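Visitor: Below you'll find the structure I mean.
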Amino acid sequence: MVWGCFAASGPGRLAVIDGTMNSTVYQKILKENVRPSVRQLKLKRSWVLQQDNDPKHNSKSTSEWLKKNKMKTLEWVQWVYTNIDFMRVA
């Protein structure tokens, strides 16, 4: 499995994962790759980490880790399932 990141300014780091990724492995990947990628991509302080709704992204330990490390995340909105008007076909 491969973890990667990118911004409008280009690609960031890639990390190869052997085996299963859990919250601990995910946090280690973030620790080793996000800030170096932010510097490499010359992002300003207003950058936001976007991740999907995978359980390891939303685990209590990952949420606490992100808060402790001051990484702002984009809130995941399940709009496809909650917006009935969007699902209707005219």
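Residues are referred to by chain and number: the chain letter is A, B, ... according to the order shown in the structure tokens, the number counts from 1 in that chain, and ligands are numbered separately from 1 in the order shown.
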As a tab-separated table (two decimals) with N, CA and C atoms, in the first residue's frame, please: all residues of chain A that backbone DSSP puts in alpha helix (DSSP H).

Guide:
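Contents of selection-v5.tsv, freshly written:
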chain	number	residue	atom	x	y	z
A	23	SER	N	-4.17	2.88	13.12
A	23	SER	CA	-4.03	4.26	13.58
A	23	SER	C	-2.59	4.61	13.93
A	24	THR	N	-1.88	3.70	14.58
A	24	THR	CA	-0.50	3.95	14.97
A	24	THR	C	0.40	4.12	13.76
A	25	VAL	N	0.24	3.26	12.78
A	25	VAL	CA	1.03	3.36	11.54
A	25	VAL	C	0.69	4.66	10.81
A	26	TYR	N	-0.60	4.99	10.75
A	26	TYR	CA	-1.05	6.21	10.08
A	26	TYR	C	-0.43	7.45	10.73
A	27	GLN	N	-0.43	7.49	12.05
A	27	GLN	CA	0.15	8.63	12.77
A	27	GLN	C	1.65	8.74	12.51
A	28	LYS	N	2.34	7.62	12.43
A	28	LYS	CA	3.77	7.62	12.14
A	28	LYS	C	4.02	8.18	10.73
A	29	ILE	N	3.18	7.79	9.78
A	29	ILE	CA	3.30	8.29	8.41
A	29	ILE	C	3.10	9.80	8.38
A	30	LEU	N	2.07	10.27	9.09
A	30	LEU	CA	1.83	11.71	9.14
A	30	LEU	C	3.03	12.43	9.75
A	31	LYS	N	3.54	11.89	10.85
A	31	LYS	CA	4.67	12.51	11.55
A	31	LYS	C	5.90	12.63	10.64
A	32	GLU	N	6.15	11.60	9.86
A	32	GLU	CA	7.36	11.56	9.04
A	32	GLU	C	7.20	12.26	7.69
A	33	ASN	N	5.97	12.51	7.25
A	33	ASN	CA	5.78	12.98	5.87
A	33	ASN	C	5.02	14.29	5.68
A	34	VAL	N	4.12	14.63	6.57
A	34	VAL	CA	3.29	15.81	6.31
A	34	VAL	C	4.09	17.10	6.38
A	35	ARG	N	4.74	17.37	7.50
A	35	ARG	CA	5.46	18.64	7.64
A	35	ARG	C	6.59	18.79	6.59
A	36	PRO	N	7.38	17.73	6.33
A	36	PRO	CA	8.36	17.87	5.25
A	36	PRO	C	7.71	18.18	3.90
A	37	SER	N	6.55	17.61	3.64
A	37	SER	CA	5.85	17.90	2.39
A	37	SER	C	5.35	19.34	2.36
A	38	VAL	N	4.86	19.83	3.49
A	38	VAL	CA	4.40	21.22	3.57
A	38	VAL	C	5.56	22.17	3.25
A	39	ARG	N	6.73	21.88	3.81
A	39	ARG	CA	7.91	22.72	3.53
A	39	ARG	C	8.33	22.60	2.06
A	40	GLN	N	8.38	21.37	1.56
A	40	GLN	CA	8.78	21.11	0.17
A	40	GLN	C	7.86	21.83	-0.81
A	55	PRO	N	-11.76	4.63	9.28
A	55	PRO	CA	-11.72	4.55	10.75
A	55	PRO	C	-10.39	4.96	11.38
A	56	LYS	N	-9.28	4.66	10.74
A	56	LYS	CA	-7.98	5.05	11.34
A	56	LYS	C	-7.78	6.56	11.29
A	57	HIS	N	-8.45	7.25	10.37
A	57	HIS	CA	-8.37	8.71	10.31
A	57	HIS	C	-9.21	9.36	11.40
A	58	ASN	N	-10.28	8.68	11.80
A	58	ASN	CA	-11.23	9.23	12.77
A	58	ASN	C	-11.10	8.62	14.16
A	60	LYS	N	-9.98	7.85	17.96
A	60	LYS	CA	-9.73	8.78	19.07
A	60	LYS	C	-8.25	9.12	19.15
A	61	SER	N	-7.39	8.11	19.00
A	61	SER	CA	-5.95	8.38	19.12
A	61	SER	C	-5.45	9.26	17.99
A	62	THR	N	-5.94	9.07	16.77
A	62	THR	CA	-5.52	9.92	15.65
A	62	THR	C	-6.04	11.33	15.82
A	63	SER	N	-7.29	11.46	16.24
A	63	SER	CA	-7.87	12.80	16.48
A	63	SER	C	-7.05	13.55	17.52
A	64	GLU	N	-6.68	12.87	18.59
A	64	GLU	CA	-5.86	13.49	19.64
A	64	GLU	C	-4.47	13.84	19.11
A	65	TRP	N	-3.90	12.95	18.30
A	65	TRP	CA	-2.57	13.18	17.72
A	65	TRP	C	-2.60	14.41	16.82
A	66	LEU	N	-3.61	14.51	15.97
A	66	LEU	CA	-3.73	15.66	15.07
A	66	LEU	C	-3.87	16.96	15.86
A	67	LYS	N	-4.67	16.93	16.92
A	67	LYS	CA	-4.85	18.12	17.75
A	67	LYS	C	-3.54	18.49	18.43
A	68	LYS	N	-2.86	17.51	19.01
A	68	LYS	CA	-1.59	17.75	19.70
A	68	LYS	C	-0.55	18.33	18.75
A	79	TRP	N	-22.28	14.30	2.49
A	79	TRP	CA	-23.38	14.99	1.84
A	79	TRP	C	-24.17	14.11	0.89
A	80	VAL	N	-23.56	13.12	0.29
A	80	VAL	CA	-24.29	12.26	-0.65
A	80	VAL	C	-25.40	11.52	0.07
A	81	TYR	N	-25.15	11.14	1.32
A	81	TYR	CA	-26.14	10.37	2.06
A	81	TYR	C	-27.13	11.25	2.81
A	82	THR	N	-26.79	12.50	3.03
A	82	THR	CA	-27.66	13.36	3.82
A	82	THR	C	-28.44	14.36	2.98
A	84	ILE	N	-30.94	14.70	0.43
A	84	ILE	CA	-31.96	13.96	-0.32
A	84	ILE	C	-32.23	14.63	-1.66
A	85	ASP	N	-32.26	15.96	-1.73
A	85	ASP	CA	-32.53	16.65	-2.99
A	85	ASP	C	-31.49	16.32	-4.05
A	86	PHE	N	-30.25	16.15	-3.62
A	86	PHE	CA	-29.18	15.82	-4.57
A	86	PHE	C	-29.41	14.45	-5.17
A	87	MET	N	-29.98	13.54	-4.40
A	87	MET	CA	-30.17	12.16	-4.84
A	87	MET	C	-31.38	12.00	-5.77

Visitor: Need the shell around Gln50 of chain A: protein/DNA/RNA residues with any atom at most 10 Å away, counting only C-alpha atoms. Skip same-chain ones fewer than 6 positions apart. Format as a ChimeraX atom specification?

Guide: /A:5,72-76

Visitor: Work out how far apart atom CA of Gly19 of chain A and atom CA of Met1 of chain A are and give it in Å to one decimal.

Guide: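 Computing the Euclidean distance for atom CA of Gly19 of chain A and atom CA of Met1 of chain A yields 7.8 Å.
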
Visitor: Counting only C-alpha atoms, which residue out of A:Met71, A:Val77, A:Leu43, A:Leu49 sits closest to Gly4 of chain A?

Guide: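 Counting only C-alpha atoms, the residue closest to Gly4 of chain A is A:Leu49.
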
Visitor: Report, in Å to a single decimal, how far apart atom CA of Trp3 of chain A and atom CA of Asp52 of chain A are.

Guide: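 Result for atom CA of Asp52 of chain A versus atom CA of Trp3 of chain A: 12.6 Å, one decimal.
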